[in-house]
Amino acid sequence: MIVSGGVLPVDKANVDTDQIIPAHYLTGIEKTGLGKHLFTGMTGGTDLLAAYPEAAIVVARENFGCGSSREHAAWSLLDRGIRAVVAPSFARIFFENAYNNGVAPVVVHESAIDELLLEPHLEIDLVREVLTTSGGKEFSFTLDSLRKQFLLSGGYMAFLAGKREAVRAWLAARPR
Amino acid sequence: MPRSLFEKVWDAHVVEELPGGNALVFVDRVVAHEITTPQGAIEIEREYGDELFDPGRIVAINDHVSPAKDTETAIQAKVLRDWAKRHGIVLYDLGRNGICHVVAPERGYVEPGLTLACGDSHTCTLGAFGAFALGVGSTAQGGAMLAGCLVLGRPKVMRVTLNGRLGHGATAKDLALYVIATLGFKGGTGYVLEYAGEALASLSMDERMTLCNMAIEAGATTGMCPPDETTFSYLRGRENQPTGDAFEAKVDFWRTLVADPDAVYDAEVTVDVDALRPMVSWGTNPGESVPIDGVVPADASAASLQYMGLAPGDVLRSLPIDQAFVGSCTNSRLSDLRAAADVLRGRQVSVPTIVTPGSQAVKRAAEREGLHDVFQDAGALWTHSSCGPCLGMSMGVLAPGARCVSSTNRNFPGRMGAGGRVHLASPAVVAASAVLGRIASPDELAPVGIAVAVNG
């Protein structure tokens, strides 16, 4: 699967999930329709999105998605058409949520970020694990080999559903 | 092979090793609240015949916006309520609820050696009991409700040894802020923080919960404290725990849940707490904290300074505040309320001040001691229990530019309201600041009952 699209340059470190989507938008019971709230908690976030209406790939600095566990952060990115976030590091819970919702968390070295923030367009081959700039420069990255399947097929829950029998057998044999 | 506390709990819950260094980890307990549970519950209802792995392992709590503030939050609470009823899940609802991380332990649902997941990042609070308790997304929580398991990469383990003893007005909150400032805001990412040392042994369960609550603020997967007599006494006689020999048999097992003497850690940090003073945050993440008598650092990030309206060298004690808040899963248990009340007794607040107990049970216990009178005599608002102003979701939202000293856990931009500025501190510092109308520590207050002449 290839994610190809415009870059949304978020030139900030520690973009927490309160900035991605503030808590007062967490009042629904569905995963859909949250794109309109994306980055409304971030200073300049709304203007940034308006300047890059076709963006499909966020490029940001370290520790993206820190803070609250709200999966609404991944859902709001997805609903806005963002299919990948490129950053030097991610917070754990957002990282897992991104994989589970088809938003690729792409880890590249910190030294590449300055350059990638200036790119108008990127192409990310999730199967080959290669990111290509508009000028043809390639950066390789590594995806978690199991979660990559969740990313490509959206199958986290289906994967666990398939494990239920094994879990029950394990539980029955559990000491104590 | 000697093992850490974390490794003992982890090893006992791995159902299966998975590719990519992941494991299928059994989850003993799921705590479910109204903001992040409905999405997973609805998916299970639609796609998997509404079949849960074991409803008896789930505890549901309406906590974030309770009572509901509008139609949408009323629907969230109703979805949780209906779902719990349909599956026979224990529900703590309006009137007997509170913040899930306060209610779950006070009702005896958390004990050493358990694994516990909740769609809330501050689930790490419960590691105070020697459980492996972590925050996850709604889908992962849904997976745990559907199949009893999480898919997790095995975290590394960092031993954080706390030497010495708390004094000089320093509290567990100050210790938590100091640890985060030491490790850095993302310094714990990929790790479980396993606390150790003599300072830890002297902490109460309330204090250990405060310490572990903020492990996520260093990016850590969770925090864990080895169980000891303090843990066992907290649990002995508590509801949802057995009594007599059955309880003591559990204690015998829990005693094994400490790190082996030669356990090897992926990282080691030592913190000397003897000289620790009250801490306060100046910036926009909890790692941006300094001792209360300090100044904004010279190397402060420009973005943080701009958001907080500060400059390097600004004296924190000189900053006027617009609001004060005591509450949240970090600092809303009875001992926290007592600490705030000890400062406010016989004094008056000079800025709007909100005190929100962590659970209705805490509220009743506080009122039996007369703490509600202390707060209200001082001019503070004493509320029902909920997550309250901490995340700007229901009540007590800050105006843009307003500065609040808060006993909470996050000072992120917009956390307590768009443009609002949050300074994290202990309940005692919040209370002293509320009295003086600026960031202040309790030792700055004149003794109660003695008139002080100002400017002669």
# chains A, B, ... in the order shown; residues from 1 in each chain; ligands from 1

call {"tool": "interface_residues", "arguments": {"of": "chain A", "to": "chain B", "cutoff": "9 Å", "atoms": "only C-alpha atoms", "output": "PyMOL selection string"}}
result
chain A and resi 12+14+16+18-19+22-31+41-43+63+66-72+90-94+96-97+100-101+143-147+156-158+160-168+170-171+174

call {"tool": "select_by_dssp", "arguments": {"residues": "range 174-353 of chain B", "states": "strand (DSSP E)", "output": "number ranges by chain"}}
result
B: 191-196, 222-224, 267-272, 279-281, 289-291, 323-326, 353

call {"tool": "write_last_selection", "arguments": {"atoms": "C-alpha atoms", "output": "compact mmCIF listing (two decimals), in the first residue's frame"}}
result
# COMPACT_ATOMS: atom_id res chain seq x y z
CA TYR B 191 9.94 1.97 29.88
CA VAL B 192 8.05 0.85 32.93
CA LEU B 193 9.26 2.90 35.87
CA GLU B 194 9.81 0.51 38.77
CA TYR B 195 10.14 2.62 41.89
CA ALA B 196 12.38 1.53 44.77
CA THR B 222 3.38 2.87 33.56
CA GLY B 223 4.88 3.09 37.04
CA MET B 224 5.00 0.27 39.57
CA ALA B 267 18.17 1.69 32.96
CA GLU B 268 18.77 2.98 36.48
CA VAL B 269 18.06 6.40 37.94
CA THR B 270 18.68 7.50 41.50
CA VAL B 271 16.88 10.45 43.03
CA ASP B 272 17.87 11.99 46.38
CA MET B 279 7.87 22.10 42.84
CA VAL B 280 5.82 24.08 40.37
CA SER B 281 5.62 23.87 36.59
CA SER B 289 9.01 22.28 36.40
CA VAL B 290 11.35 23.87 38.96
CA PRO B 291 11.47 24.34 42.75
CA GLN B 323 -7.93 30.55 39.62
CA ALA B 324 -6.90 27.65 41.84
CA PHE B 325 -7.96 24.02 41.61
CA VAL B 326 -7.56 21.07 43.96
CA THR B 353 -10.96 28.32 43.95

call {"tool": "residues_around", "arguments": {"residues": "Arg403 in chain B", "least_positions_apart": "2", "cutoff": "10 Å", "atoms": "only C-alpha atoms", "output": "PDB file with N, CA and C atoms, in the first residue's frame"}}
result
ATOM      1  N   MET B 308       2.836  30.701  27.846  1.00  0.00           N
ATOM      2  CA  MET B 308       2.621  30.970  29.266  1.00  0.00           C
ATOM      3  C   MET B 308       2.760  32.455  29.611  1.00  0.00           C
ATOM      4  N   GLY B 309       3.166  33.288  28.647  1.00  0.00           N
ATOM      5  CA  GLY B 309       3.316  34.721  28.912  1.00  0.00           C
ATOM      6  C   GLY B 309       4.446  35.011  29.885  1.00  0.00           C
ATOM      7  N   LEU B 319       4.177  35.439  40.316  1.00  0.00           N
ATOM      8  CA  LEU B 319       3.138  35.383  39.286  1.00  0.00           C
ATOM      9  C   LEU B 319       1.736  35.415  39.874  1.00  0.00           C
ATOM     10  N   PRO B 320       0.953  36.432  39.527  1.00  0.00           N
ATOM     11  CA  PRO B 320      -0.429  36.470  40.010  1.00  0.00           C
ATOM     12  C   PRO B 320      -1.266  35.403  39.308  1.00  0.00           C
ATOM     13  N   ILE B 321      -2.248  34.863  40.022  1.00  0.00           N
ATOM     14  CA  ILE B 321      -3.090  33.817  39.437  1.00  0.00           C
ATOM     15  C   ILE B 321      -4.546  34.271  39.392  1.00  0.00           C
ATOM     16  N   ASP B 322      -5.325  33.608  38.541  1.00  0.00           N
ATOM     17  CA  ASP B 322      -6.739  33.928  38.381  1.00  0.00           C
ATOM     18  C   ASP B 322      -7.647  32.849  38.940  1.00  0.00           C
ATOM     19  N   GLN B 323      -7.106  31.657  39.136  1.00  0.00           N
ATOM     20  CA  GLN B 323      -7.930  30.551  39.618  1.00  0.00           C
ATOM     21  C   GLN B 323      -7.029  29.524  40.297  1.00  0.00           C
ATOM     22  N   ALA B 324      -7.629  28.748  41.203  1.00  0.00           N
ATOM     23  CA  ALA B 324      -6.900  27.653  41.841  1.00  0.00           C
ATOM     24  C   ALA B 324      -7.798  26.425  41.827  1.00  0.00           C
ATOM     25  N   LEU B 398     -10.978  27.550  32.075  1.00  0.00           N
ATOM     26  CA  LEU B 398     -10.242  28.824  32.177  1.00  0.00           C
ATOM     27  C   LEU B 398     -10.530  29.726  30.983  1.00  0.00           C
ATOM     28  N   ALA B 399     -10.533  31.023  31.238  1.00  0.00           N
ATOM     29  CA  ALA B 399     -10.606  32.004  30.148  1.00  0.00           C
ATOM     30  C   ALA B 399      -9.234  32.084  29.464  1.00  0.00           C
ATOM     31  N   PRO B 400      -9.192  32.492  28.184  1.00  0.00           N
ATOM     32  CA  PRO B 400      -7.889  32.659  27.515  1.00  0.00           C
ATOM     33  C   PRO B 400      -6.988  33.598  28.328  1.00  0.00           C
ATOM     34  N   GLY B 401      -5.746  33.175  28.508  1.00  0.00           N
ATOM     35  CA  GLY B 401      -4.784  33.987  29.247  1.00  0.00           C
ATOM     36  C   GLY B 401      -4.863  33.840  30.754  1.00  0.00           C
ATOM     37  N   VAL B 405      -3.256  27.819  39.244  1.00  0.00           N
ATOM     38  CA  VAL B 405      -2.404  26.864  39.949  1.00  0.00           C
ATOM     39  C   VAL B 405      -3.276  25.661  40.250  1.00  0.00           C
ATOM     40  N   SER B 406      -2.790  24.481  39.867  1.00  0.00           N
ATOM     41  CA  SER B 406      -3.666  23.321  39.829  1.00  0.00           C
ATOM     42  C   SER B 406      -2.950  22.073  40.327  1.00  0.00           C
ATOM     43  N   GLY B 419      -6.300  28.681  25.565  1.00  0.00           N
ATOM     44  CA  GLY B 419      -5.504  29.840  25.990  1.00  0.00           C
ATOM     45  C   GLY B 419      -5.223  29.896  27.482  1.00  0.00           C
ATOM     46  N   GLY B 420      -5.813  28.994  28.247  1.00  0.00           N
ATOM     47  CA  GLY B 420      -5.599  28.976  29.698  1.00  0.00           C
ATOM     48  C   GLY B 420      -4.187  28.522  30.054  1.00  0.00           C
ATOM     49  N   ARG B 421      -3.644  29.076  31.131  1.00  0.00           N
ATOM     50  CA  ARG B 421      -2.267  28.779  31.547  1.00  0.00           C
ATOM     51  C   ARG B 421      -2.282  28.031  32.868  1.00  0.00           C
ATOM     52  N   VAL B 422      -1.695  26.845  32.890  1.00  0.00           N
ATOM     53  CA  VAL B 422      -1.767  25.966  34.056  1.00  0.00           C
ATOM     54  C   VAL B 422      -0.386  25.807  34.686  1.00  0.00           C
ATOM     55  N   HIS B 423      -0.324  25.990  36.002  1.00  0.00           N
ATOM     56  CA  HIS B 423       0.890  25.690  36.761  1.00  0.00           C
ATOM     57  C   HIS B 423       0.586  24.530  37.690  1.00  0.00           C
ATOM     58  N   ARG B 438      -1.248  34.530  44.264  1.00  0.00           N
ATOM     59  CA  ARG B 438      -0.062  34.371  43.394  1.00  0.00           C
ATOM     60  C   ARG B 438       0.539  33.016  43.729  1.00  0.00           C
ATOM     61  N   ILE B 439       1.477  32.552  42.927  1.00  0.00           N
ATOM     62  CA  ILE B 439       2.122  31.275  43.223  1.00  0.00           C
ATOM     63  C   ILE B 439       2.866  31.421  44.555  1.00  0.00           C
TER      64      ILE B 439
END

call {"tool": "select_by_dssp", "arguments": {"residues": "range 19-167 of chain A", "states": "alpha helix (DSSP H)", "output": "short mmCIF file (atom, residue, chain, number, x, y, z; two decimals) with N, CA and C atoms, in the first residue's frame"}}
result
data_model
loop_
_atom_site.label_atom_id
_atom_site.label_comp_id
_atom_site.auth_asym_id
_atom_site.auth_seq_id
_atom_site.Cartn_x
_atom_site.Cartn_y
_atom_site.Cartn_z
N GLN A 19 -3.85 18.92 22.02
CA GLN A 19 -3.70 19.86 20.90
C GLN A 19 -4.30 19.27 19.63
N ILE A 20 -4.19 17.96 19.47
CA ILE A 20 -4.74 17.31 18.27
C ILE A 20 -6.26 17.40 18.28
N GLY A 45 -3.25 26.01 14.57
CA GLY A 45 -3.63 24.75 13.94
C GLY A 45 -4.66 24.90 12.83
N THR A 46 -5.67 25.70 13.10
CA THR A 46 -6.74 25.88 12.11
C THR A 46 -6.21 26.56 10.85
N ASP A 47 -5.37 27.58 11.03
CA ASP A 47 -4.78 28.29 9.89
C ASP A 47 -3.89 27.35 9.07
N LEU A 48 -3.17 26.50 9.79
CA LEU A 48 -2.26 25.57 9.13
C LEU A 48 -3.04 24.62 8.22
N LEU A 49 -4.13 24.07 8.75
CA LEU A 49 -4.94 23.15 7.96
C LEU A 49 -5.55 23.86 6.75
N ALA A 50 -5.94 25.12 6.95
CA ALA A 50 -6.53 25.88 5.84
C ALA A 50 -5.50 26.12 4.74
N ALA A 51 -4.23 26.25 5.14
CA ALA A 51 -3.17 26.52 4.16
C ALA A 51 -2.77 25.27 3.38
N HIS A 72 -9.48 9.40 19.75
CA HIS A 72 -10.06 10.46 18.93
C HIS A 72 -8.97 11.20 18.15
N ALA A 73 -7.73 11.21 18.66
CA ALA A 73 -6.63 11.86 17.94
C ALA A 73 -6.40 11.15 16.61
N ALA A 74 -6.33 9.83 16.65
CA ALA A 74 -6.14 9.07 15.40
C ALA A 74 -7.39 9.18 14.52
N TRP A 75 -8.57 9.10 15.14
CA TRP A 75 -9.80 9.18 14.35
C TRP A 75 -9.93 10.54 13.66
N SER A 76 -9.54 11.61 14.32
CA SER A 76 -9.67 12.95 13.73
C SER A 76 -8.67 13.12 12.58
N LEU A 77 -7.48 12.56 12.72
CA LEU A 77 -6.50 12.60 11.62
C LEU A 77 -7.06 11.86 10.41
N LEU A 78 -7.54 10.64 10.67
CA LEU A 78 -8.06 9.80 9.58
C LEU A 78 -9.23 10.47 8.87
N ASP A 79 -10.14 11.04 9.66
CA ASP A 79 -11.34 11.66 9.10
C ASP A 79 -10.99 12.87 8.24
N ARG A 92 3.70 6.20 23.24
CA ARG A 92 3.27 4.81 23.07
C ARG A 92 1.80 4.66 22.69
N ILE A 93 0.90 5.31 23.42
CA ILE A 93 -0.52 5.02 23.21
C ILE A 93 -0.96 5.51 21.83
N PHE A 94 -0.52 6.72 21.46
CA PHE A 94 -0.86 7.21 20.12
C PHE A 94 -0.31 6.28 19.04
N PHE A 95 0.90 5.83 19.24
CA PHE A 95 1.57 4.92 18.30
C PHE A 95 0.70 3.69 18.05
N GLU A 96 0.19 3.08 19.13
CA GLU A 96 -0.67 1.89 19.00
C GLU A 96 -1.99 2.28 18.32
N ASN A 97 -2.58 3.40 18.75
CA ASN A 97 -3.85 3.83 18.17
C ASN A 97 -3.73 4.10 16.68
N ALA A 98 -2.60 4.69 16.28
CA ALA A 98 -2.39 5.01 14.87
C ALA A 98 -2.39 3.72 14.05
N TYR A 99 -1.61 2.75 14.48
CA TYR A 99 -1.58 1.45 13.79
C TYR A 99 -2.98 0.84 13.71
N ASN A 100 -3.74 0.93 14.78
CA ASN A 100 -5.05 0.28 14.82
C ASN A 100 -6.09 0.97 13.95
N ILE A 113 14.06 15.62 9.58
CA ILE A 113 12.79 16.35 9.74
C ILE A 113 12.83 17.74 9.11
N ASP A 114 13.93 18.48 9.29
CA ASP A 114 14.01 19.83 8.71
C ASP A 114 13.71 19.80 7.21
N GLU A 115 14.31 18.83 6.57
CA GLU A 115 14.15 18.68 5.12
C GLU A 115 12.71 18.26 4.77
N LEU A 116 12.17 17.30 5.52
CA LEU A 116 10.84 16.78 5.20
C LEU A 116 9.74 17.82 5.47
N LEU A 117 9.98 18.71 6.43
CA LEU A 117 9.00 19.76 6.71
C LEU A 117 8.82 20.70 5.51
N ARG A 147 1.98 -5.23 13.77
CA ARG A 147 1.04 -4.10 13.68
C ARG A 147 0.91 -3.59 12.25
N LYS A 148 1.92 -3.85 11.44
CA LYS A 148 1.84 -3.50 10.01
C LYS A 148 0.62 -4.17 9.37
N GLN A 149 0.30 -5.38 9.82
CA GLN A 149 -0.88 -6.07 9.28
C GLN A 149 -2.16 -5.35 9.71
N PHE A 150 -2.16 -4.86 10.98
CA PHE A 150 -3.34 -4.11 11.45
C PHE A 150 -3.49 -2.83 10.61
N LEU A 151 -2.34 -2.23 10.30
CA LEU A 151 -2.33 -0.99 9.55
C LEU A 151 -2.88 -1.20 8.14
N LEU A 152 -2.45 -2.28 7.51
CA LEU A 152 -2.83 -2.51 6.12
C LEU A 152 -4.23 -3.09 5.98
N SER A 153 -4.66 -3.84 7.01
CA SER A 153 -5.96 -4.49 6.87
C SER A 153 -6.97 -4.09 7.95
N TYR A 156 -7.08 -5.21 13.97
CA TYR A 156 -6.72 -5.45 15.37
C TYR A 156 -7.78 -6.28 16.08
N MET A 157 -9.03 -5.84 15.99
CA MET A 157 -10.10 -6.55 16.70
C MET A 157 -10.29 -7.96 16.12
N ALA A 158 -10.20 -8.07 14.81
CA ALA A 158 -10.37 -9.39 14.18
C ALA A 158 -9.25 -10.33 14.63
N PHE A 159 -8.03 -9.77 14.75
CA PHE A 159 -6.90 -10.57 15.21
C PHE A 159 -7.18 -11.11 16.62
N LEU A 160 -7.64 -10.23 17.49
CA LEU A 160 -7.92 -10.67 18.87
C LEU A 160 -9.09 -11.64 18.92
N ALA A 161 -10.10 -11.38 18.09
CA ALA A 161 -11.25 -12.29 18.06
C ALA A 161 -10.78 -13.71 17.74
N ARG A 164 -9.42 -15.83 20.80
CA ARG A 164 -10.23 -16.08 21.99
C ARG A 164 -10.13 -17.52 22.52
N GLU A 165 -10.13 -18.45 21.60
CA GLU A 165 -10.06 -19.85 22.03
C GLU A 165 -8.74 -20.14 22.74
N ALA A 166 -7.67 -19.64 22.16
CA ALA A 166 -6.34 -19.84 22.76
C ALA A 166 -6.26 -19.19 24.14
N VAL A 167 -6.90 -18.03 24.26
CA VAL A 167 -6.86 -17.32 25.55
C VAL A 167 -7.65 -18.12 26.61
#

call {"tool": "closest_residue", "arguments": {"among": "B:Val315, B:Leu116, B:Ala259, B:Val27", "to": "Pro297 in chain B", "atoms": "only C-alpha atoms"}}
result
B:Val315

call {"tool": "residues_around", "arguments": {"residues": "Asp299 in chain B", "least_positions_apart": "5", "cutoff": "12 Å", "atoms": "only C-alpha atoms", "output": "JSON, numbers by chain"}}
result
{"B": [283, 288, 304, 305, 311, 312, 313]}

call {"tool": "residues_around", "arguments": {"residues": "Ser89 in chain A", "least_positions_apart": "3", "cutoff": "7 Å", "atoms": "only C-alpha atoms", "output": "list in words"}}
result
Glu62, Asn63, Phe64 and Val107 of chain A

call {"tool": "closest_residue", "arguments": {"among": "B:Gly379, B:Pro226, B:Gly49, B:Gly449", "to": "Lys8 in chain B", "atoms": "only C-alpha atoms"}}
result
B:Pro226

call {"tool": "residues_around", "arguments": {"residues": "range 123-130 of chain A", "least_positions_apart": "3", "cutoff": "8 Å", "atoms": "only C-alpha atoms", "output": "list in words"}}
result
Met1, Ile2, Val3, Ser4, Gly5, Ala104, Thr133, Ser134, Glu138, Phe139, Ser140, Phe141, Thr142 and Leu143 of chain A

call {"tool": "atom_distance", "arguments": {"atom1": "CA of Pro427 in chain B", "atom2": "CA of Ser407 in chain B"}}
result
5.4 Å

call {"tool": "residues_around", "arguments": {"residues": "Leu8 in chain A", "least_positions_apart": "2", "cutoff": "9 Å", "atoms": "only C-alpha atoms", "output": "list in words"}}
result
Gly6, Val10, Leu48, Leu49, Ala51, Tyr52, Pro53, Glu54, Ala55, Ala56, Ile57, Val58, Val59, Ala60, Ile82, Leu117 and Pro120 of chain A

call {"tool": "write_last_selection", "arguments": {"atoms": "C-alpha atoms", "output": "PDB file, in the first residue's frame"}}
result
ATOM      1  CA  GLY A   6       0.651  16.614   0.358  1.00  0.00           C
ATOM      2  CA  VAL A  10       3.698  20.705  11.966  1.00  0.00           C
ATOM      3  CA  LEU A  48      -2.257  25.574   9.126  1.00  0.00           C
ATOM      4  CA  LEU A  49      -4.945  23.148   7.963  1.00  0.00           C
ATOM      5  CA  ALA A  51      -3.170  26.520   4.162  1.00  0.00           C
ATOM      6  CA  TYR A  52      -2.723  22.828   3.276  1.00  0.00           C
ATOM      7  CA  PRO A  53      -6.229  21.593   2.420  1.00  0.00           C
ATOM      8  CA  GLU A  54      -4.976  18.617   0.406  1.00  0.00           C
ATOM      9  CA  ALA A  55      -2.538  17.311   3.025  1.00  0.00           C
ATOM     10  CA  ALA A  56      -2.442  13.554   3.585  1.00  0.00           C
ATOM     11  CA  ILE A  57       0.798  13.252   5.556  1.00  0.00           C
ATOM     12  CA  VAL A  58       1.747  15.082   8.757  1.00  0.00           C
ATOM     13  CA  VAL A  59       5.430  15.775   9.361  1.00  0.00           C
ATOM     14  CA  ALA A  60       6.196  16.733  12.956  1.00  0.00           C
ATOM     15  CA  ILE A  82      -4.311  12.056   7.018  1.00  0.00           C
ATOM     16  CA  LEU A 117       8.999  19.762   6.711  1.00  0.00           C
ATOM     17  CA  PRO A 120       5.313  19.728  -0.643  1.00  0.00           C
TER      18      PRO A 120
END

call {"tool": "atom_distance", "arguments": {"atom1": "CA of Asp274 in chain B", "atom2": "CA of Val343 in chain B"}}
result
22.7 Å

call {"tool": "atom_distance", "arguments": {"atom1": "CA of Val86 in chain A", "atom2": "CA of Gly102 in chain A"}}
result
13.8 Å

call {"tool": "decode", "arguments": {"residues": "range 290-371 of chain B", "atoms": "C-alpha atoms", "output": "tab-separated table (two decimals), in the first residue's frame"}}
result
chain	number	residue	atom	x	y	z
B	290	VAL	CA	11.35	23.87	38.96
B	291	PRO	CA	11.47	24.34	42.75
B	292	ILE	CA	8.88	26.92	43.80
B	293	ASP	CA	11.54	29.42	44.85
B	294	GLY	CA	13.06	29.16	41.38
B	295	VAL	CA	12.86	31.18	38.20
B	296	VAL	CA	11.91	30.43	34.62
B	297	PRO	CA	15.05	28.80	33.17
B	298	ALA	CA	17.36	30.66	30.80
B	299	ASP	CA	17.11	27.87	28.23
B	300	ALA	CA	13.31	27.70	28.27
B	301	SER	CA	11.63	26.87	24.97
B	302	ALA	CA	10.32	29.91	23.12
B	303	ALA	CA	6.97	28.26	22.38
B	304	SER	CA	6.39	27.47	26.06
B	305	LEU	CA	7.37	30.99	27.13
B	306	GLN	CA	5.07	32.57	24.60
B	307	TYR	CA	2.10	30.42	25.54
B	308	MET	CA	2.62	30.97	29.27
B	309	GLY	CA	3.32	34.72	28.91
B	310	LEU	CA	6.67	34.40	30.66
B	311	ALA	CA	10.31	35.34	30.13
B	312	PRO	CA	13.50	33.63	31.32
B	313	GLY	CA	14.36	34.74	34.85
B	314	ASP	CA	10.77	35.47	35.86
B	315	VAL	CA	10.31	34.65	39.55
B	316	LEU	CA	7.57	32.03	39.87
B	317	ARG	CA	6.42	33.26	43.27
B	318	SER	CA	5.70	36.67	41.79
B	319	LEU	CA	3.14	35.38	39.29
B	320	PRO	CA	-0.43	36.47	40.01
B	321	ILE	CA	-3.09	33.82	39.44
B	322	ASP	CA	-6.74	33.93	38.38
B	323	GLN	CA	-7.93	30.55	39.62
B	324	ALA	CA	-6.90	27.65	41.84
B	325	PHE	CA	-7.96	24.02	41.61
B	326	VAL	CA	-7.56	21.07	43.96
B	327	GLY	CA	-8.66	17.80	42.40
B	328	SER	CA	-8.00	15.23	39.61
B	329	CYS	CA	-6.75	11.64	39.68
B	330	THR	CA	-3.38	13.01	40.80
B	331	ASN	CA	-4.43	14.77	44.00
B	332	SER	CA	-8.05	14.35	45.08
B	333	ARG	CA	-7.90	11.62	47.70
B	334	LEU	CA	-8.66	12.27	51.35
B	335	SER	CA	-5.03	12.99	52.30
B	336	ASP	CA	-4.81	15.57	49.50
B	337	LEU	CA	-7.94	17.31	50.72
B	338	ARG	CA	-6.59	17.30	54.27
B	339	ALA	CA	-3.36	18.92	53.06
B	340	ALA	CA	-5.28	21.68	51.27
B	341	ALA	CA	-7.61	22.15	54.24
B	342	ASP	CA	-4.69	22.44	56.67
B	343	VAL	CA	-3.53	25.47	54.68
B	344	LEU	CA	-6.98	27.01	54.19
B	345	ARG	CA	-8.26	26.54	57.75
B	346	GLY	CA	-8.98	29.99	59.14
B	347	ARG	CA	-7.87	31.76	55.97
B	348	GLN	CA	-9.61	33.24	52.95
B	349	VAL	CA	-8.97	32.55	49.28
B	350	SER	CA	-8.43	35.63	47.12
B	351	VAL	CA	-9.11	34.07	43.71
B	352	PRO	CA	-11.86	31.72	42.50
B	353	THR	CA	-10.96	28.32	43.95
B	354	ILE	CA	-12.50	24.94	43.18
B	355	VAL	CA	-12.07	21.82	45.32
B	356	THR	CA	-13.28	18.59	43.71
B	357	PRO	CA	-13.02	15.33	45.67
B	358	GLY	CA	-11.88	12.27	43.73
B	359	SER	CA	-14.92	10.17	44.53
B	360	GLN	CA	-18.23	10.49	46.30
B	361	ALA	CA	-16.78	8.19	49.00
B	362	VAL	CA	-13.87	10.60	49.46
B	363	LYS	CA	-16.38	13.45	49.57
B	364	ARG	CA	-18.35	11.83	52.37
B	365	ALA	CA	-15.20	10.98	54.33
B	366	ALA	CA	-14.00	14.58	53.97
B	367	GLU	CA	-17.35	15.92	55.15
B	368	ARG	CA	-17.29	13.65	58.20
B	369	GLU	CA	-14.07	15.44	59.14
B	370	GLY	CA	-15.57	18.84	58.44
B	371	LEU	CA	-13.26	19.61	55.52
